[in-house]
Amino acid sequence: MEAIVLYPSPAIGHLVTMVELGKLILTTRSPNSISIHILITTPPYRVDDTASYIASISSDSIIFHHLPAISLPPCATSSVPAHETLICDVLRLNNPNVHNSLRSIIDKNYKIQAFVMDIFCSPALSVVTKLNIPGYFLFTSGAACLACALYLPTIHKIIDKSIKDLNTLLTIPGSPPIPSSDMPKPLRDRNNIVYDSFVENSIELAKSAGIIVNTFERLEPRAVKEISDGLCVPDGPTPPVYCIGPLIVAVAYNKRAAGMHSGGDNVSKCLTWLDSQPRGSVVFLCFGSLGLFSKEQLKEIALGLERSGHRFLWVVRNPPNSQNGQTVDLKVQAGPDLESLLPDGFLGRTKDRGLVVKMWAPQVAVLNHDSVGGFVTHCGWNSVLEAVCAGVPMVAWPLYAEQRFNRVVLVEEIKIALPMDDSKDGFVSAAEVEKRVTELMNSDSMEGNSIRVRAKDMQIEARAALSESGTSRVALTRLLKSWNQS
Ligand code: UDP
């Protein structure tokens, strides 16, 4: 029996996209002729509780293999390293487990046609190469970000300083000019402990048998063309690129981490409330699976929303425990006490036009609800694609990972978002929140109208890409054919 092995990085956003790829392969090839094997890393920290999600997906055709837990050297766990550092450490140490797992799959008489890994899992490329299995990447962000990743070793070569010391616009093939301060954080500082891992990931990316990207050609035509033309890897061949997206989860999955998800409550709460709101009138604010704000920032958002006078649906979490401006949640969070976090009387004053939910909302269903007219997002790529598929324009408020880069792409290149302008330390004033929400939601705002039209156009293009003869389906067929020949 033939098998495809998928190796996601532990964060739920990455896992879910990988699973969607697995499902797509199964719907395209007969499930009786092929099975999908997904390697699950057990990190020594908690990114999320994915157990219930995995249980809901497991079947005879989608088989999960849990790799043994990795213990990190004490120095890596004594302070609180950035989540990228932890992920890179864990995935590097995972290689023997990946090898053993692949051997056991082969020993059960499976022929592994391809191994598809996340960018963070790039150390595994050497493992599969030794086993003669073609190694592919699934790039879970957009093509412009892929262009940047492929070009990183060149940036490393031609610029001899840390990007953070440059204060300039970077010229990267396939991308609009990128302010150096908008490059993903670990890439800005050569002394950052994971900088070398990122450069290494990029080198491995270019050595792979192919790169599958969760985007579609009409969303990012320049990036797709310039990557395919070889401009991002000037000193060697560029692997074939397959834009097969948008791959998104049609049905909201549960984030069951204790307290993180209020059972099914938030689903019916949000959707019932939206049912009673006028068409296109609600702005939705939601910041991914990890995004957190300080108490001061939550207050500014509340004031901005209140002053805008617009209807809103806002997902609120507790501020991070540490006071170091961290915007990521790696620990299980308790449900927030909204009364004490938000300005005095805010909930009462806005109760007729606003709904604040704790921790988690069924984002895909919300974005596709008729009452929603705009989305304030942290620019995680899944959120971006979900908004594109729903035809909803955005305000881009990046928090972590490659999200500042995505903001530039969404605002300057694709033109489906307005920027949320923040201060150097990332703080956004109530006045800026009010201004951007007003521009996004007012039907007589020029800025809002232009991105509204583009967002609807991109929704149509996304559907076209996924149709029978659309570019993403053609790319998928090309990919599967190449596996059949391997
Ligand atoms: N999500 C959700 N409800 C929430 C927060 C997030 O359904 O309250 C989902 C969202 O629809 C998306 C994913 O979680 O599919 C977040 O992925 P993304 O790539 O946008 O951001 P990440 O969490 O990886 O930073």
# chains A, B, ... in the order shown; residues from 1 in each chain; ligands from 1

call {"tool": "residues_near_ligand", "arguments": {"ligand": "ligand 1", "cutoff": "6 Å", "atoms": "only C-alpha atoms and all ligand atoms", "output": "MDAnalysis selection string"}}
result
chainID A and resid 13 252 286 288:290 360:364 380:383

call {"tool": "residues_around", "arguments": {"residues": "Gly448 of chain A", "least_positions_apart": "6", "cutoff": "12 Å", "atoms": "only C-alpha atoms", "output": "list in words"}}
result
Gly373, Gly374, Phe375, Val392, Pro393, Met394, Val395, Val411, Lys415, Ile416, Ala417, Leu418, Pro419, Lys435, Arg436, Val437, Thr438, Glu439, Leu440, Met441, Asn442, Arg454 and Ala455 of chain A

call {"tool": "write_last_selection", "arguments": {"atoms": "C-alpha atoms", "output": "PDB file, in the first residue's frame"}}
result
ATOM      1  CA  GLY A 373     -18.332  43.400   7.312  1.00  0.00           C
ATOM      2  CA  GLY A 374     -14.739  43.664   8.510  1.00  0.00           C
ATOM      3  CA  PHE A 375     -12.026  41.787  10.378  1.00  0.00           C
ATOM      4  CA  VAL A 392     -14.107  40.146   4.191  1.00  0.00           C
ATOM      5  CA  PRO A 393     -11.705  43.158   4.173  1.00  0.00           C
ATOM      6  CA  MET A 394      -9.210  43.467   7.019  1.00  0.00           C
ATOM      7  CA  VAL A 395      -7.351  45.768   9.334  1.00  0.00           C
ATOM      8  CA  VAL A 411      -1.700  46.384   2.547  1.00  0.00           C
ATOM      9  CA  LYS A 415      -4.538  45.592  -1.129  1.00  0.00           C
ATOM     10  CA  ILE A 416      -7.167  43.818   0.933  1.00  0.00           C
ATOM     11  CA  ALA A 417      -6.259  45.345   4.297  1.00  0.00           C
ATOM     12  CA  LEU A 418      -5.685  48.675   5.999  1.00  0.00           C
ATOM     13  CA  PRO A 419      -2.716  48.887   8.343  1.00  0.00           C
ATOM     14  CA  LYS A 435      -9.778  55.561  12.950  1.00  0.00           C
ATOM     15  CA  ARG A 436      -9.096  52.182  11.313  1.00  0.00           C
ATOM     16  CA  VAL A 437     -12.369  50.595  12.387  1.00  0.00           C
ATOM     17  CA  THR A 438     -14.203  53.631  11.015  1.00  0.00           C
ATOM     18  CA  GLU A 439     -12.329  53.477   7.697  1.00  0.00           C
ATOM     19  CA  LEU A 440     -12.975  49.744   7.459  1.00  0.00           C
ATOM     20  CA  MET A 441     -16.665  49.866   8.276  1.00  0.00           C
ATOM     21  CA  ASN A 442     -17.984  53.213   6.945  1.00  0.00           C
ATOM     22  CA  ARG A 454     -10.625  43.907  -3.727  1.00  0.00           C
ATOM     23  CA  ALA A 455     -11.666  41.482  -0.964  1.00  0.00           C
TER      24      ALA A 455
END

call {"tool": "select_by_dssp", "arguments": {"residues": "segment 160-288 of chain A", "states": "strand (DSSP E or B)", "output": "MDAnalysis selection string"}}
result
chainID A and resid 169:170 178:179 210:213 241:243 282:286

call {"tool": "write_last_selection", "arguments": {"atoms": "N, CA and C atoms", "output": "CSV table (one decimal), in the first residue's frame"}}
result
chain,number,residue,atom,x,y,z
A,169,LEU,N,14.6,50.0,3.6
A,169,LEU,CA,13.6,49.1,2.9
A,169,LEU,C,14.4,48.0,2.2
A,170,LEU,N,14.0,46.8,2.4
A,170,LEU,CA,14.7,45.7,1.8
A,170,LEU,C,14.0,45.3,0.5
A,178,ILE,N,10.2,45.9,1.8
A,178,ILE,CA,9.8,45.5,3.2
A,178,ILE,C,10.7,46.4,4.1
A,179,PRO,N,10.0,47.2,5.0
A,179,PRO,CA,10.8,47.9,6.0
A,179,PRO,C,11.6,46.9,6.8
A,210,GLY,N,10.2,19.7,-3.8
A,210,GLY,CA,9.1,20.6,-4.2
A,210,GLY,C,8.6,21.3,-3.0
A,211,ILE,N,7.9,22.5,-3.3
A,211,ILE,CA,7.4,23.3,-2.2
A,211,ILE,C,5.9,23.5,-2.5
A,212,ILE,N,5.1,23.0,-1.5
A,212,ILE,CA,3.6,23.2,-1.6
A,212,ILE,C,3.3,24.5,-0.8
A,213,VAL,N,2.5,25.4,-1.5
A,213,VAL,CA,2.3,26.7,-0.8
A,213,VAL,C,0.8,26.8,-0.6
A,241,VAL,N,7.3,24.7,-7.4
A,241,VAL,CA,6.4,25.3,-6.4
A,241,VAL,C,5.0,24.9,-6.8
A,242,TYR,N,4.2,24.5,-5.9
A,242,TYR,CA,2.8,24.1,-6.1
A,242,TYR,C,1.9,24.9,-5.3
A,243,CYS,N,1.2,25.9,-5.9
A,243,CYS,CA,0.2,26.7,-5.1
A,243,CYS,C,-1.1,26.0,-5.2
A,282,VAL,N,-21.0,44.4,11.3
A,282,VAL,CA,-20.2,44.0,12.5
A,282,VAL,C,-18.7,43.9,12.1
A,283,VAL,N,-17.8,44.5,13.0
A,283,VAL,CA,-16.4,44.3,12.8
A,283,VAL,C,-16.0,43.2,13.8
A,284,PHE,N,-15.2,42.2,13.3
A,284,PHE,CA,-14.8,41.1,14.1
A,284,PHE,C,-13.4,41.2,14.5
A,285,LEU,N,-13.1,41.1,15.8
A,285,LEU,CA,-11.7,41.3,16.2
A,285,LEU,C,-11.2,40.0,16.9
A,286,CYS,N,-10.2,39.3,16.3
A,286,CYS,CA,-9.7,38.0,16.7
A,286,CYS,C,-8.3,37.9,16.4

call {"tool": "residues_around", "arguments": {"residues": "Thr171 of chain A", "least_positions_apart": "2", "cutoff": "12 Å", "atoms": "only C-alpha atoms", "output": "PyMOL selection string"}}
result
chain A and resi 147-148+151-152+154-155+158-159+168-169+173-180+183+231-232

call {"tool": "atom_distance", "arguments": {"atom1": "atom CA of Ile227 of chain A", "atom2": "atom CA of Gly142 of chain A"}}
result
12.0 Å

call {"tool": "select_by_dssp", "arguments": {"residues": "segment 41-272 of chain A", "states": "alpha helix (DSSP H)", "output": "ChimeraX atom specification"}}
result
/A:51-57,74-78,83-93,95-107,124-130,143-158,185-188,195-207,221-228,265-272

call {"tool": "write_last_selection", "arguments": {"atoms": "C-alpha atoms", "output": "PDB file, in the first residue's frame"}}
result
ATOM      1  CA  ALA A  51      -5.720  15.743  21.353  1.00  0.00           C
ATOM      2  CA  SER A  52      -9.416  16.213  20.695  1.00  0.00           C
ATOM      3  CA  TYR A  53      -8.730  17.652  17.258  1.00  0.00           C
ATOM      4  CA  ILE A  54      -6.507  14.672  16.381  1.00  0.00           C
ATOM      5  CA  ALA A  55      -9.114  12.226  17.710  1.00  0.00           C
ATOM      6  CA  SER A  56     -11.757  13.815  15.492  1.00  0.00           C
ATOM      7  CA  ILE A  57      -9.585  13.358  12.377  1.00  0.00           C
ATOM      8  CA  PRO A  74      18.375  22.490  30.850  1.00  0.00           C
ATOM      9  CA  CYS A  75      19.802  25.739  29.393  1.00  0.00           C
ATOM     10  CA  ALA A  76      16.984  25.798  26.843  1.00  0.00           C
ATOM     11  CA  THR A  77      14.284  25.707  29.486  1.00  0.00           C
ATOM     12  CA  SER A  78      15.749  27.748  32.354  1.00  0.00           C
ATOM     13  CA  HIS A  83       8.384  29.960  20.993  1.00  0.00           C
ATOM     14  CA  GLU A  84      10.381  29.845  17.726  1.00  0.00           C
ATOM     15  CA  THR A  85      13.466  28.860  19.731  1.00  0.00           C
ATOM     16  CA  LEU A  86      11.640  26.055  21.467  1.00  0.00           C
ATOM     17  CA  ILE A  87      10.134  24.771  18.236  1.00  0.00           C
ATOM     18  CA  CYS A  88      13.504  24.782  16.436  1.00  0.00           C
ATOM     19  CA  ASP A  89      15.228  22.986  19.341  1.00  0.00           C
ATOM     20  CA  VAL A  90      12.553  20.338  19.626  1.00  0.00           C
ATOM     21  CA  LEU A  91      12.350  19.633  15.917  1.00  0.00           C
ATOM     22  CA  ARG A  92      16.109  19.377  15.537  1.00  0.00           C
ATOM     23  CA  LEU A  93      16.279  16.826  18.361  1.00  0.00           C
ATOM     24  CA  ASN A  95      15.374  13.455  13.941  1.00  0.00           C
ATOM     25  CA  PRO A  96      16.027  10.003  15.498  1.00  0.00           C
ATOM     26  CA  ASN A  97      12.310   9.713  16.292  1.00  0.00           C
ATOM     27  CA  VAL A  98      11.377  10.662  12.731  1.00  0.00           C
ATOM     28  CA  HIS A  99      13.799   8.071  11.416  1.00  0.00           C
ATOM     29  CA  ASN A 100      12.395   5.331  13.671  1.00  0.00           C
ATOM     30  CA  SER A 101       8.851   6.207  12.803  1.00  0.00           C
ATOM     31  CA  LEU A 102       9.523   6.109   9.052  1.00  0.00           C
ATOM     32  CA  ARG A 103      11.285   2.759   9.430  1.00  0.00           C
ATOM     33  CA  SER A 104       8.329   1.320  11.276  1.00  0.00           C
ATOM     34  CA  ILE A 105       5.942   2.549   8.552  1.00  0.00           C
ATOM     35  CA  ILE A 106       8.175   0.988   5.877  1.00  0.00           C
ATOM     36  CA  ASP A 107       8.391  -2.231   7.910  1.00  0.00           C
ATOM     37  CA  ALA A 124      14.208  15.947   8.770  1.00  0.00           C
ATOM     38  CA  LEU A 125      15.108  16.477   5.099  1.00  0.00           C
ATOM     39  CA  SER A 126      18.453  14.761   5.744  1.00  0.00           C
ATOM     40  CA  VAL A 127      16.639  11.796   7.334  1.00  0.00           C
ATOM     41  CA  VAL A 128      14.351  11.200   4.358  1.00  0.00           C
ATOM     42  CA  THR A 129      17.125  11.793   1.832  1.00  0.00           C
ATOM     43  CA  LYS A 130      19.078   8.928   3.434  1.00  0.00           C
ATOM     44  CA  ALA A 143       4.086  33.013  -1.461  1.00  0.00           C
ATOM     45  CA  ALA A 144       5.619  36.428  -0.661  1.00  0.00           C
ATOM     46  CA  CYS A 145       6.773  35.039   2.664  1.00  0.00           C
ATOM     47  CA  LEU A 146       8.121  31.971   0.849  1.00  0.00           C
ATOM     48  CA  ALA A 147      10.019  34.312  -1.482  1.00  0.00           C
ATOM     49  CA  CYS A 148      11.551  35.936   1.594  1.00  0.00           C
ATOM     50  CA  ALA A 149      12.423  32.558   3.129  1.00  0.00           C
ATOM     51  CA  LEU A 150      14.097  31.378  -0.081  1.00  0.00           C
ATOM     52  CA  TYR A 151      15.991  34.660  -0.381  1.00  0.00           C
ATOM     53  CA  LEU A 152      17.172  34.681   3.241  1.00  0.00           C
ATOM     54  CA  PRO A 153      20.528  32.942   2.604  1.00  0.00           C
ATOM     55  CA  THR A 154      21.230  35.610  -0.044  1.00  0.00           C
ATOM     56  CA  ILE A 155      20.328  38.404   2.381  1.00  0.00           C
ATOM     57  CA  HIS A 156      22.629  36.738   4.882  1.00  0.00           C
ATOM     58  CA  LYS A 157      25.431  36.769   2.301  1.00  0.00           C
ATOM     59  CA  ILE A 158      25.050  40.264   0.871  1.00  0.00           C
ATOM     60  CA  LYS A 185      11.641  38.959  14.468  1.00  0.00           C
ATOM     61  CA  PRO A 186      14.154  36.068  14.595  1.00  0.00           C
ATOM     62  CA  LEU A 187      15.568  37.179  11.238  1.00  0.00           C
ATOM     63  CA  ARG A 188      16.243  40.724  12.379  1.00  0.00           C
ATOM     64  CA  TYR A 195      18.672  33.072  13.445  1.00  0.00           C
ATOM     65  CA  ASP A 196      20.994  30.294  12.231  1.00  0.00           C
ATOM     66  CA  SER A 197      18.164  27.745  12.341  1.00  0.00           C
ATOM     67  CA  PHE A 198      16.071  29.992  10.094  1.00  0.00           C
ATOM     68  CA  VAL A 199      18.902  30.369   7.581  1.00  0.00           C
ATOM     69  CA  GLU A 200      19.408  26.600   7.705  1.00  0.00           C
ATOM     70  CA  ASN A 201      15.654  26.025   7.170  1.00  0.00           C
ATOM     71  CA  SER A 202      15.830  28.251   4.091  1.00  0.00           C
ATOM     72  CA  ILE A 203      18.796  26.370   2.652  1.00  0.00           C
ATOM     73  CA  GLU A 204      16.969  23.058   3.130  1.00  0.00           C
ATOM     74  CA  LEU A 205      13.809  24.507   1.555  1.00  0.00           C
ATOM     75  CA  ALA A 206      15.715  25.134  -1.664  1.00  0.00           C
ATOM     76  CA  LYS A 207      17.139  21.581  -1.631  1.00  0.00           C
ATOM     77  CA  PRO A 221       0.953  36.683  -8.816  1.00  0.00           C
ATOM     78  CA  ARG A 222       4.242  38.564  -8.501  1.00  0.00           C
ATOM     79  CA  ALA A 223       5.604  36.333  -5.746  1.00  0.00           C
ATOM     80  CA  VAL A 224       4.616  33.138  -7.540  1.00  0.00           C
ATOM     81  CA  LYS A 225       6.177  34.293 -10.817  1.00  0.00           C
ATOM     82  CA  GLU A 226       9.426  35.582  -9.348  1.00  0.00           C
ATOM     83  CA  ILE A 227       9.940  32.436  -7.284  1.00  0.00           C
ATOM     84  CA  SER A 228       9.270  30.247 -10.334  1.00  0.00           C
ATOM     85  CA  ASP A 265     -21.252  27.951  24.079  1.00  0.00           C
ATOM     86  CA  ASN A 266     -19.283  30.477  22.120  1.00  0.00           C
ATOM     87  CA  VAL A 267     -20.406  28.966  18.831  1.00  0.00           C
ATOM     88  CA  SER A 268     -24.101  29.489  19.431  1.00  0.00           C
ATOM     89  CA  LYS A 269     -23.509  32.688  21.396  1.00  0.00           C
ATOM     90  CA  CYS A 270     -21.643  34.334  18.511  1.00  0.00           C
ATOM     91  CA  LEU A 271     -23.836  33.053  15.714  1.00  0.00           C
ATOM     92  CA  THR A 272     -27.128  33.814  17.466  1.00  0.00           C
TER      93      THR A 272
END

call {"tool": "residues_around", "arguments": {"residues": "Leu347 of chain A", "least_positions_apart": "6", "cutoff": "9 Å", "atoms": "only C-alpha atoms", "output": "ChimeraX atom specification"}}
result
/A:338-339,354-356

call {"tool": "write_last_selection", "arguments": {"atoms": "N, CA, C and O atoms", "output": "PDB file, in the first residue's frame"}}
result
ATOM      1  N   LEU A 338     -13.800  39.850  32.449  1.00  0.00           N
ATOM      2  CA  LEU A 338     -13.983  40.985  31.534  1.00  0.00           C
ATOM      3  C   LEU A 338     -14.243  42.294  32.275  1.00  0.00           C
ATOM      4  O   LEU A 338     -13.745  43.344  31.882  1.00  0.00           O
ATOM      5  N   GLU A 339     -15.033  42.203  33.349  1.00  0.00           N
ATOM      6  CA  GLU A 339     -15.364  43.432  34.090  1.00  0.00           C
ATOM      7  C   GLU A 339     -14.109  44.141  34.575  1.00  0.00           C
ATOM      8  O   GLU A 339     -13.994  45.361  34.509  1.00  0.00           O
ATOM      9  N   GLY A 354     -22.401  45.495  20.842  1.00  0.00           N
ATOM     10  CA  GLY A 354     -21.146  44.756  20.896  1.00  0.00           C
ATOM     11  C   GLY A 354     -21.287  43.453  21.650  1.00  0.00           C
ATOM     12  O   GLY A 354     -22.100  43.341  22.571  1.00  0.00           O
ATOM     13  N   LEU A 355     -20.491  42.448  21.222  1.00  0.00           N
ATOM     14  CA  LEU A 355     -20.437  41.194  21.976  1.00  0.00           C
ATOM     15  C   LEU A 355     -18.962  40.886  22.232  1.00  0.00           C
ATOM     16  O   LEU A 355     -18.157  40.855  21.281  1.00  0.00           O
ATOM     17  N   VAL A 356     -18.628  40.703  23.502  1.00  0.00           N
ATOM     18  CA  VAL A 356     -17.267  40.296  23.841  1.00  0.00           C
ATOM     19  C   VAL A 356     -17.334  38.837  24.259  1.00  0.00           C
ATOM     20  O   VAL A 356     -18.117  38.483  25.144  1.00  0.00           O
TER      21      VAL A 356
END

call {"tool": "residues_around", "arguments": {"residues": "Val357 of chain A", "least_positions_apart": "4", "cutoff": "7 Å", "atoms": "only C-alpha atoms", "output": "PyMOL selection string"}}
result
chain A and resi 266+314-316

call {"tool": "closest_residue", "arguments": {"among": "A:His369, A:Thr50, A:Ala114, A:Phe216", "to": "Arg279 of chain A", "atoms": "only C-alpha atoms"}}
result
A:His369

call {"tool": "atom_distance", "arguments": {"atom1": "atom CA of Val5 of chain A", "atom2": "atom CA of Leu39 of chain A"}}
result
7.4 Å

call {"tool": "closest_residue", "arguments": {"among": "A:Arg473, A:Val428, A:Glu468, A:Glu306", "to": "Ala396 of chain A", "atoms": "only C-alpha atoms"}}
result
A:Val428
